[in-house]
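Reproduced below: final.json, with JSON, C-alpha atoms.
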```json
[["chain", "number", "residue", "atom", "x", "y", "z"],
["A", 1, "MET", "CA", 102.28, 44.78, -104.58],
["A", 2, "LEU", "CA", 98.74, 43.61, -103.90],
["A", 3, "SER", "CA", 97.39, 47.03, -104.93],
["A", 4, "ILE", "CA", 98.71, 46.65, -108.49],
["A", 5, "THR", "CA", 97.49, 43.09, -109.13],
["A", 6, "GLN", "CA", 95.24, 42.81, -112.16],
["A", 7, "PRO", "CA", 91.78, 41.21, -112.11],
["A", 8, "HIS", "CA", 91.62, 37.54, -113.19],
["A", 9, "HIS", "CA", 95.39, 37.10, -112.74],
["A", 10, "TYR", "CA", 95.42, 34.65, -109.86],
["A", 11, "TYR", "CA", 99.20, 34.17, -109.84],
["A", 12, "GLN", "CA", 99.73, 37.87, -109.04],
["A", 13, "THR", "CA", 97.44, 37.72, -106.01],
["A", 14, "PHE", "CA", 99.02, 34.42, -104.95],
["A", 15, "LEU", "CA", 102.55, 35.86, -105.12],
["A", 16, "ALA", "CA", 101.70, 39.15, -103.38],
["A", 17, "GLN", "CA", 99.19, 38.02, -100.75],
["A", 18, "GLY", "CA", 99.96, 34.32, -100.38],
["A", 19, "ILE", "CA", 103.76, 34.22, -100.62],
["A", 20, "GLY", "CA", 104.78, 37.80, -99.81],
["A", 21, "MET", "CA", 102.38, 38.43, -96.93],
["A", 22, "GLY", "CA", 102.86, 34.90, -95.59],
["A", 23, "LEU", "CA", 106.64, 35.27, -95.39],
["A", 24, "ALA", "CA", 106.42, 38.78, -93.93],
["A", 25, "SER", "CA", 103.92, 37.73, -91.26],
["A", 26, "GLY", "CA", 106.04, 34.77, -90.23],
["A", 27, "ILE", "CA", 109.20, 36.88, -90.04],
["A", 28, "LEU", "CA", 107.44, 39.50, -87.88],
["A", 29, "PHE", "CA", 105.50, 37.19, -85.56],
["A", 30, "LEU", "CA", 108.27, 35.31, -83.79],
["A", 31, "PRO", "CA", 110.64, 38.22, -83.01],
["A", 32, "PHE", "CA", 107.80, 40.21, -81.44],
["A", 33, "LEU", "CA", 106.91, 37.34, -79.11],
["A", 34, "SER", "CA", 110.48, 36.28, -78.35],
["A", 35, "VAL", "CA", 111.81, 39.78, -77.62],
["A", 36, "THR", "CA", 108.82, 40.54, -75.38],
["A", 37, "SER", "CA", 109.16, 37.29, -73.44],
["A", 38, "HIS", "CA", 112.83, 38.03, -72.61],
["A", 39, "TYR", "CA", 111.82, 41.07, -70.55],
["A", 40, "PHE", "CA", 109.35, 39.23, -68.32],
["A", 41, "ARG", "CA", 109.43, 36.23, -66.05],
["A", 42, "ARG", "CA", 106.54, 36.51, -63.58],
["A", 43, "ARG", "CA", 104.15, 38.29, -65.99],
["A", 44, "ARG", "CA", 105.42, 36.83, -69.25],
["A", 45, "THR", "CA", 102.08, 35.29, -70.23],
["A", 46, "VAL", "CA", 100.25, 38.60, -69.80],
["A", 47, "ALA", "CA", 102.91, 40.44, -71.82],
["A", 48, "MET", "CA", 102.65, 37.95, -74.69],
["A", 49, "GLY", "CA", 98.86, 38.16, -74.58],
["A", 50, "ILE", "CA", 98.93, 41.95, -74.87],
["A", 51, "VAL", "CA", 101.21, 41.66, -77.91],
["A", 52, "LEU", "CA", 98.87, 39.14, -79.55],
["A", 53, "ALA", "CA", 95.81, 41.24, -78.70],
["A", 54, "GLY", "CA", 97.10, 43.78, -81.21],
["A", 55, "SER", "CA", 96.20, 41.44, -84.08],
["A", 56, "SER", "CA", 92.62, 41.24, -82.81],
["A", 57, "LEU", "CA", 92.44, 45.03, -82.67],
["A", 58, "GLY", "CA", 93.72, 45.17, -86.23],
["A", 59, "ALA", "CA", 91.16, 42.55, -87.29],
["A", 60, "VAL", "CA", 88.42, 44.86, -86.01],
["A", 61, "ILE", "CA", 89.76, 48.07, -87.59],
["A", 62, "TYR", "CA", 91.06, 46.95, -90.98],
["A", 63, "PRO", "CA", 87.91, 45.26, -92.39],
["A", 64, "ILE", "CA", 85.75, 48.27, -91.46],
["A", 65, "MET", "CA", 88.36, 50.72, -92.80],
["A", 66, "LEU", "CA", 88.84, 48.83, -96.06],
["A", 67, "ASN", "CA", 85.12, 48.32, -96.60],
["A", 68, "ASN", "CA", 84.61, 52.11, -96.46],
["A", 69, "LEU", "CA", 87.70, 52.91, -98.52],
["A", 70, "PHE", "CA", 86.74, 50.48, -101.30],
["A", 71, "ASN", "CA", 83.58, 52.53, -101.87],
["A", 72, "SER", "CA", 85.29, 55.94, -101.68],
["A", 73, "VAL", "CA", 88.77, 55.62, -103.24],
["A", 74, "GLY", "CA", 88.70, 52.21, -104.91],
["A", 75, "TYR", "CA", 90.48, 48.93, -104.32],
["A", 76, "ALA", "CA", 94.05, 49.96, -105.21],
["A", 77, "TRP", "CA", 94.27, 53.03, -102.97],
["A", 78, "ALA", "CA", 92.42, 51.29, -100.16],
["A", 79, "VAL", "CA", 95.08, 48.59, -100.11],
["A", 80, "ARG", "CA", 97.85, 51.21, -100.35],
["A", 81, "ALA", "CA", 96.35, 53.11, -97.40],
["A", 82, "SER", "CA", 96.46, 49.88, -95.42],
["A", 83, "GLY", "CA", 100.09, 49.41, -96.44],
["A", 84, "PHE", "CA", 101.06, 52.95, -95.44],
["A", 85, "LEU", "CA", 99.42, 52.44, -92.03],
["A", 86, "ASP", "CA", 101.32, 49.18, -91.59],
["A", 87, "MET", "CA", 104.57, 50.86, -92.59],
["A", 88, "GLY", "CA", 104.09, 53.57, -89.96],
["A", 89, "PHE", "CA", 103.47, 51.03, -87.21],
["A", 90, "LEU", "CA", 106.46, 48.94, -88.29],
["A", 91, "ILE", "CA", 108.78, 51.95, -88.24],
["A", 92, "LEU", "CA", 107.66, 52.70, -84.68],
["A", 93, "ALA", "CA", 108.12, 49.06, -83.66],
["A", 94, "ASN", "CA", 111.63, 48.90, -85.11],
["A", 95, "LEU", "CA", 112.61, 52.09, -83.31],
["A", 96, "MET", "CA", 111.22, 50.88, -79.98],
["A", 97, "MET", "CA", 112.13, 47.17, -79.92],
["A", 98, "LYS", "CA", 115.44, 46.09, -78.47],
["A", 99, "THR", "CA", 116.63, 42.67, -77.36],
["A", 100, "ARG", "CA", 117.51, 42.32, -73.70],
["A", 101, "LEU", "CA", 119.74, 39.26, -73.96],
["A", 102, "PRO", "CA", 123.07, 39.51, -75.82],
["A", 103, "ASN", "CA", 123.33, 37.65, -79.11],
["A", 104, "ARG", "CA", 125.66, 34.71, -79.73],
["A", 105, "ARG", "CA", 128.39, 36.93, -81.25],
["A", 106, "GLN", "CA", 128.53, 39.03, -78.09],
["A", 107, "MET", "CA", 128.61, 35.93, -75.87],
["A", 108, "PRO", "CA", 130.27, 33.12, -77.85],
["A", 109, "ASN", "CA", 130.56, 30.99, -74.69],
["A", 110, "ARG", "CA", 126.84, 31.17, -73.94],
["A", 111, "LYS", "CA", 125.13, 27.82, -73.50],
["A", 112, "PRO", "CA", 123.79, 26.69, -76.90],
["A", 113, "VAL", "CA", 120.18, 25.69, -77.45],
["A", 114, "ASP", "CA", 119.71, 22.00, -76.66],
["A", 115, "VAL", "CA", 118.14, 21.08, -80.00],
["A", 116, "LYS", "CA", 118.31, 17.33, -79.36],
["A", 117, "GLY", "CA", 116.63, 17.76, -75.98],
["A", 118, "ILE", "CA", 113.82, 19.77, -77.56],
["A", 119, "LEU", "CA", 113.31, 17.32, -80.43],
["A", 120, "THR", "CA", 113.04, 14.42, -77.98],
["A", 121, "ASP", "CA", 110.77, 16.23, -75.49],
["A", 122, "VAL", "CA", 107.62, 14.08, -75.72],
["A", 123, "GLY", "CA", 105.47, 16.36, -73.57],
["A", 124, "TYR", "CA", 106.36, 19.36, -75.70],
["A", 125, "TRP", "CA", 105.50, 17.52, -78.92],
["A", 126, "LEU", "CA", 102.18, 16.37, -77.50],
["A", 127, "SER", "CA", 101.31, 20.02, -76.86],
["A", 128, "VAL", "CA", 102.33, 20.87, -80.45],
["A", 129, "ILE", "CA", 100.17, 18.03, -81.81],
["A", 130, "GLY", "CA", 97.31, 19.25, -79.63],
["A", 131, "ALA", "CA", 97.71, 22.80, -80.91],
["A", 132, "GLY", "CA", 97.79, 21.50, -84.48],
["A", 133, "CYS", "CA", 94.51, 19.63, -83.97],
["A", 134, "VAL", "CA", 92.89, 22.71, -82.43],
["A", 135, "PHE", "CA", 94.07, 25.00, -85.22],
["A", 136, "TRP", "CA", 92.68, 22.53, -87.76],
["A", 137, "GLY", "CA", 89.15, 23.47, -86.77],
["A", 138, "LEU", "CA", 89.48, 26.70, -84.79],
["A", 139, "PHE", "CA", 89.26, 29.09, -87.76],
["A", 140, "VAL", "CA", 86.22, 27.52, -89.43],
["A", 141, "PRO", "CA", 83.82, 30.03, -87.77],
["A", 142, "PHE", "CA", 86.18, 32.91, -88.61],
["A", 143, "PHE", "CA", 85.92, 32.11, -92.32],
["A", 144, "TYR", "CA", 82.30, 30.94, -92.54],
["A", 145, "LEU", "CA", 80.37, 32.86, -89.88],
["A", 146, "GLN", "CA", 79.55, 35.75, -92.22],
["A", 147, "LEU", "CA", 78.32, 33.41, -94.98],
["A", 148, "PHE", "CA", 76.38, 31.36, -92.44],
["A", 149, "ALA", "CA", 74.63, 34.51, -91.20],
["A", 150, "GLU", "CA", 73.70, 35.67, -94.69],
["A", 151, "LEU", "CA", 72.31, 32.27, -95.72],
["A", 152, "HIS", "CA", 70.19, 32.16, -92.56],
["A", 153, "GLY", "CA", 68.42, 35.41, -93.37],
["A", 154, "LEU", "CA", 70.28, 37.87, -91.16],
["A", 155, "SER", "CA", 70.85, 41.40, -92.46],
["A", 156, "SER", "CA", 73.92, 42.12, -94.57],
["A", 157, "THR", "CA", 75.05, 44.72, -92.01],
["A", 158, "LEU", "CA", 75.00, 42.26, -89.12],
["A", 159, "SER", "CA", 76.60, 39.59, -91.31],
["A", 160, "PHE", "CA", 79.48, 41.94, -92.10],
["A", 161, "TYR", "CA", 79.94, 43.02, -88.47],
["A", 162, "SER", "CA", 79.78, 39.44, -87.14],
["A", 163, "ILE", "CA", 83.53, 39.04, -87.74],
["A", 164, "PRO", "CA", 84.54, 42.38, -86.15],
["A", 165, "ILE", "CA", 82.37, 41.43, -83.13],
["A", 166, "LEU", "CA", 84.18, 38.11, -82.91],
["A", 167, "ASN", "CA", 87.59, 39.78, -83.17],
["A", 168, "ALA", "CA", 86.71, 42.52, -80.67],
["A", 169, "SER", "CA", 85.82, 39.85, -78.12],
["A", 170, "SER", "CA", 89.05, 38.05, -78.98],
["A", 171, "MET", "CA", 91.02, 41.05, -77.63],
["A", 172, "PHE", "CA", 89.67, 40.33, -74.17],
["A", 173, "GLY", "CA", 90.22, 36.61, -74.66],
["A", 174, "ARG", "CA", 93.88, 37.26, -75.40],
["A", 175, "THR", "CA", 94.47, 39.27, -72.22],
["A", 176, "ILE", "CA", 92.13, 38.29, -69.35],
["A", 177, "PRO", "CA", 92.89, 34.51, -69.43],
["A", 178, "ASN", "CA", 96.59, 35.36, -69.59],
["A", 179, "LEU", "CA", 96.29, 37.21, -66.28],
["A", 180, "LEU", "CA", 94.86, 34.02, -64.77],
["A", 181, "ALA", "CA", 97.52, 31.91, -66.49],
["A", 182, "ASP", "CA", 100.27, 33.78, -64.64],
["A", 183, "ILE", "CA", 98.62, 32.68, -61.40],
["A", 184, "TRP", "CA", 97.42, 29.15, -62.15],
["A", 185, "GLY", "CA", 99.61, 28.24, -65.13],
["A", 186, "PRO", "CA", 98.92, 28.41, -68.90],
["A", 187, "PHE", "CA", 97.93, 24.74, -69.22],
["A", 188, "ASN", "CA", 95.32, 25.03, -66.47],
["A", 189, "ILE", "CA", 93.65, 27.91, -68.34],
["A", 190, "ILE", "CA", 94.08, 26.87, -71.97],
["A", 191, "ILE", "CA", 92.50, 23.41, -71.61],
["A", 192, "PRO", "CA", 89.08, 24.61, -70.33],
["A", 193, "CYS", "CA", 89.10, 27.38, -72.95],
["A", 194, "VAL", "CA", 89.72, 24.87, -75.75],
["A", 195, "ILE", "CA", 86.96, 22.55, -74.53],
["A", 196, "ILE", "CA", 84.49, 25.44, -74.36],
["A", 197, "ALA", "CA", 85.56, 26.66, -77.82],
["A", 198, "GLY", "CA", 85.00, 23.16, -79.23],
["A", 199, "GLY", "CA", 81.51, 23.06, -77.77],
["A", 200, "LEU", "CA", 80.73, 26.52, -79.12],
["A", 201, "VAL", "CA", 81.68, 25.50, -82.67],
["A", 202, "PHE", "CA", 78.99, 22.84, -82.56],
["A", 203, "LEU", "CA", 76.50, 25.37, -81.16],
["A", 204, "MET", "CA", 77.00, 27.51, -84.26],
["A", 205, "PHE", "CA", 74.03, 25.52, -85.60],
["A", 206, "VAL", "CA", 71.65, 27.56, -83.45],
["A", 207, "THR", "CA", 73.04, 31.01, -84.27],
["A", 208, "SER", "CA", 70.32, 31.76, -86.82],
["A", 209, "SER", "CA", 68.92, 34.75, -84.92],
["A", 210, "VAL", "CA", 70.36, 38.20, -84.23],
["A", 211, "GLY", "CA", 70.84, 37.51, -80.51],
["A", 212, "GLY", "CA", 72.31, 34.09, -81.17],
["A", 213, "MET", "CA", 74.78, 35.44, -83.71],
["A", 214, "ILE", "CA", 76.00, 38.22, -81.41],
["A", 215, "ALA", "CA", 76.24, 35.89, -78.40],
["A", 216, "PHE", "CA", 78.16, 33.32, -80.43],
["A", 217, "GLY", "CA", 80.56, 35.95, -81.78],
["A", 218, "ILE", "CA", 81.31, 37.29, -78.28],
["A", 219, "LEU", "CA", 81.76, 33.90, -76.62],
["A", 220, "TYR", "CA", 83.67, 32.19, -79.42],
["A", 221, "GLY", "CA", 85.89, 35.21, -79.94],
["A", 222, "PHE", "CA", 86.81, 35.21, -76.26],
["A", 223, "PHE", "CA", 87.62, 31.50, -75.86],
["A", 224, "SER", "CA", 89.29, 31.05, -79.25],
["A", 225, "GLY", "CA", 91.37, 34.17, -78.55],
["A", 226, "ALA", "CA", 92.41, 32.67, -75.22],
["A", 227, "PHE", "CA", 93.78, 29.61, -76.99],
["A", 228, "MET", "CA", 95.67, 31.64, -79.59],
["A", 229, "SER", "CA", 97.38, 33.83, -76.99],
["A", 230, "LEU", "CA", 98.14, 31.00, -74.54],
["A", 231, "MET", "CA", 99.61, 28.54, -77.04],
["A", 232, "SER", "CA", 102.97, 30.34, -77.13],
["A", 233, "PRO", "CA", 103.29, 30.42, -73.30],
["A", 234, "VAL", "CA", 102.34, 26.73, -73.27],
["A", 235, "ALA", "CA", 105.17, 25.94, -75.68],
["A", 236, "ALA", "CA", 107.53, 28.11, -73.63],
["A", 237, "SER", "CA", 106.51, 26.27, -70.44],
["A", 238, "PHE", "CA", 108.75, 23.37, -71.45],
["A", 239, "CYS", "CA", 111.85, 25.59, -71.67],
["A", 240, "ARG", "CA", 114.73, 24.62, -69.41],
["A", 241, "ASP", "CA", 116.58, 27.84, -70.26],
["A", 242, "LEU", "CA", 115.51, 31.29, -71.51],
["A", 243, "ASN", "CA", 117.48, 30.90, -74.73],
["A", 244, "GLU", "CA", 115.11, 28.08, -75.78],
["A", 245, "ILE", "CA", 112.01, 30.28, -75.94],
["A", 246, "GLY", "CA", 112.39, 31.51, -79.50],
["A", 247, "PHE", "CA", 113.32, 28.07, -80.84],
["A", 248, "ARG", "CA", 110.44, 26.26, -79.12],
["A", 249, "ILE", "CA", 107.82, 28.83, -80.18],
["A", 250, "GLY", "CA", 109.22, 28.93, -83.72],
["A", 251, "LEU", "CA", 109.27, 25.14, -84.04],
["A", 252, "ALA", "CA", 105.71, 24.89, -82.72],
["A", 253, "SER", "CA", 104.54, 27.62, -85.12],
["A", 254, "PHE", "CA", 106.17, 25.82, -88.05],
["A", 255, "ALA", "CA", 104.52, 22.52, -87.13],
["A", 256, "VAL", "CA", 101.00, 23.89, -86.67],
["A", 257, "ALA", "CA", 101.26, 25.91, -89.90],
["A", 258, "PHE", "CA", 100.39, 22.76, -91.88],
["A", 259, "THR", "CA", 97.06, 22.33, -90.09],
["A", 260, "LEU", "CA", 96.35, 26.06, -90.36],
["A", 261, "LEU", "CA", 96.96, 25.74, -94.11],
["A", 262, "THR", "CA", 94.63, 22.77, -94.61],
["A", 263, "GLY", "CA", 91.87, 23.22, -92.03],
["A", 264, "THR", "CA", 89.80, 25.87, -93.81],
["A", 265, "PRO", "CA", 90.06, 24.25, -97.30],
["A", 266, "ILE", "CA", 88.91, 20.95, -95.78],
["A", 267, "ALA", "CA", 85.93, 22.74, -94.24],
["A", 268, "GLY", "CA", 85.25, 24.39, -97.61],
["A", 269, "ALA", "CA", 85.22, 21.00, -99.32],
["A", 270, "LEU", "CA", 82.89, 19.60, -96.66],
["A", 271, "VAL", "CA", 80.39, 22.47, -96.60],
["A", 272, "GLN", "CA", 79.19, 22.15, -100.21],
["A", 273, "GLU", "CA", 77.44, 19.19, -101.83],
["A", 274, "ASN", "CA", 75.85, 19.46, -105.27],
["A", 275, "GLY", "CA", 75.68, 23.24, -105.01],
["A", 276, "THR", "CA", 73.99, 23.28, -101.59],
["A", 277, "TYR", "CA", 75.45, 24.07, -98.18],
["A", 278, "VAL", "CA", 75.60, 21.21, -95.68],
["A", 279, "TRP", "CA", 76.69, 22.96, -92.50],
["A", 280, "TYR", "CA", 76.81, 20.04, -90.11],
["A", 281, "ARG", "CA", 79.82, 18.46, -91.84],
["A", 282, "PRO", "CA", 82.39, 21.31, -91.40],
["A", 283, "LEU", "CA", 81.06, 22.08, -87.92],
["A", 284, "VAL", "CA", 81.36, 18.47, -86.77],
["A", 285, "PHE", "CA", 84.85, 18.32, -88.31],
["A", 286, "ALA", "CA", 85.88, 21.49, -86.46],
["A", 287, "THR", "CA", 84.35, 20.33, -83.17],
["A", 288, "VAL", "CA", 86.04, 16.92, -83.27],
["A", 289, "THR", "CA", 89.48, 18.33, -84.13],
["A", 290, "VAL", "CA", 89.33, 21.03, -81.46],
["A", 291, "LEU", "CA", 88.26, 18.56, -78.76],
["A", 292, "ALA", "CA", 90.90, 16.06, -79.92],
["A", 293, "GLY", "CA", 93.47, 18.83, -79.49],
["A", 294, "ALA", "CA", 92.20, 19.39, -75.95],
["A", 295, "ALA", "CA", 92.80, 15.69, -75.20],
["A", 296, "PHE", "CA", 96.44, 15.93, -76.35],
["A", 297, "LEU", "CA", 96.90, 19.06, -74.24],
["A", 298, "VAL", "CA", 95.58, 17.23, -71.16],
["A", 299, "VAL", "CA", 98.20, 14.48, -71.60],
["A", 300, "SER", "CA", 100.92, 17.07, -72.25],
["A", 301, "ARG", "CA", 99.93, 18.96, -69.11],
["A", 302, "HIS", "CA", 100.15, 15.77, -67.06],
["A", 303, "MET", "CA", 103.71, 15.15, -68.28],
["A", 304, "LEU", "CA", 104.84, 18.71, -67.50],
["A", 305, "SER", "CA", 103.18, 18.60, -64.09],
["A", 306, "LYS", "CA", 104.97, 15.36, -63.32],
["A", 307, "ARG", "CA", 108.30, 16.85, -64.43],
["A", 308, "ARG", "CA", 107.91, 19.97, -62.27],
["A", 309, "GLY", "CA", 106.24, 18.23, -59.33],
["A", 310, "SER", "CA", 103.48, 20.86, -59.29],
["A", 311, "GLN", "CA", 99.87, 21.17, -60.46],
["A", 312, "ILE", "CA", 100.39, 24.83, -61.38],
["A", 313, "VAL", "CA", 101.54, 24.45, -64.98]]
```
What does this structure look like when you write it as structure tokens?
Amino acid sequence: MLSITQPHHYYQTFLAQGIGMGLASGILFLPFLSVTSHYFRRRRTVAMGIVLAGSSLGAVIYPIMLNNLFNSVGYAWAVRASGFLDMGFLILANLMMKTRLPNRRQMPNRKPVDVKGILTDVGYWLSVIGAGCVFWGLFVPFFYLQLFAELHGLSSTLSFYSIPILNASSMFGRTIPNLLADIWGPFNIIIPCVIIAGGLVFLMFVTSSVGGMIAFGILYGFFSGAFMSLMSPVAASFCRDLNEIGFRIGLASFAVAFTLLTGTPIAGALVQENGTYVWYRPLVFATVTVLAGAAFLVVSRHMLSKRRGSQIV
């Protein structure tokens, strides 16, 4: 549908990309994570990280592919080529994916999800609030790094590849920390990663050179990717039964969607003043929200550790 939208018709782009793609992404995201998590217990965090690393790989390939296709076959067929590629991957995924646990029709006497217990789980909600705060500022560099590079005199080629560099590093951030999280617990890994990511956002001020831009992209991609892949295992850490995993991850994803929706527009409103770019305002906003999220996660970790009687959480 996006390939047939007409120029200067905003509602068509909004319906196809905003509504259609948003609904489709949400519908796809949770089943992939939930089905994968049912097959693993000891290495669940690593498995979920590998699944999420696929989006980083796509974020490296698709911009480069589309940028070349726009110049060779035009916008419409470039978008259609992307759609055909997606369709092929989705067909494979649907043929390969299978739930391990029986559904409620097959086991009508199975223990139901304790919705009231989840809604009153204070530690869980503190982790969700923390994730929401982090997501409020986490994507500011993803959306503004390329513009920041161009306005600071870096080449257009490096400016374009700054985002693929960031996403390529994110692949490692979504897998390596997850290996450690299976040993020391997701909370014990995600909190340092969030604190480092918050500090790196503020250091974006000094990325006005080629080396600084590349270093920032690698480091921020790694630590922000670690947060994105570990947030689902963190939410699942509060589960008292396997059948709660999908509900807890889904509820957390729904809650943080509101900060994901508003964070980048807020940064966009802060970055411009009278036609000039004032970079310290969105970067300070992002730094403060990310570090505030880390504080909530610390309190949430303490509550889970107290509940389990262990520091490995």
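Comparing the minimum interatomic distances between A:Phe296 and each of A:Met96, A:Ile195, A:Leu23, A:Leu138, counting all atoms listed in the file, we find that A:Ile195 sits nearest.
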- Item | Test item: residues at most 8 Å from stretch 214-230 of chain A, only C-alpha atoms, excluding those fewer than 2 positions along its chain, as a PyMOL selection string | chain A and resi 45+48-49+52-53+138+162-163+165-175+177-178+186+190+193-194+196-197+200-201+204+207+210-212+232-234
- Task: Name the closest residue to A:Val313 among the candidates A:Leu291, A:Ala181, A:Ala267, A:Met231; distances are taken between atoms, counting only C-alpha atoms.
- Result: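 Closest to A:Val313, using only C-alpha atoms: A:Ala181.
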- Separating atom CA of A:Leu151 from atom CA of A:Val206, to the nearest tenth of an Å, is a gap of 13.2 Å
- Query: What lies within 7 Å of stretch 65-80 of chain A using all atoms listed in the file, ignoring chain neighbours under 3 positions off, as number ranges by chain?
  - Reply: A: 3-4, 61-62, 83-84
- Message: For A:Ser300, find every residue with an atom within 8 Å (counting all atoms listed in the file), except residues of its own chain fewer than 2 positions away, and show them as a list in words.
- Response: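 The neighbour list is Gly123, Tyr124, Leu126, Ser127, Phe296, Leu297, Val298, His302, Met303 and Leu304 of chain A.
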- Restricting the calculation to all atoms listed in the file, which member of A:Ala292, A:Gly246, A:Asp241, A:Gly268 is positioned closest to A:Lys111?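 Nearest to A:Lys111: A:Asp241.
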- Message: I'd like the interatomic distance between atom CA of A:Val128 and atom CA of A:Phe14, to a tenth of an Å.
- Response: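 Computing it gives 28.2 Å between the two atoms.
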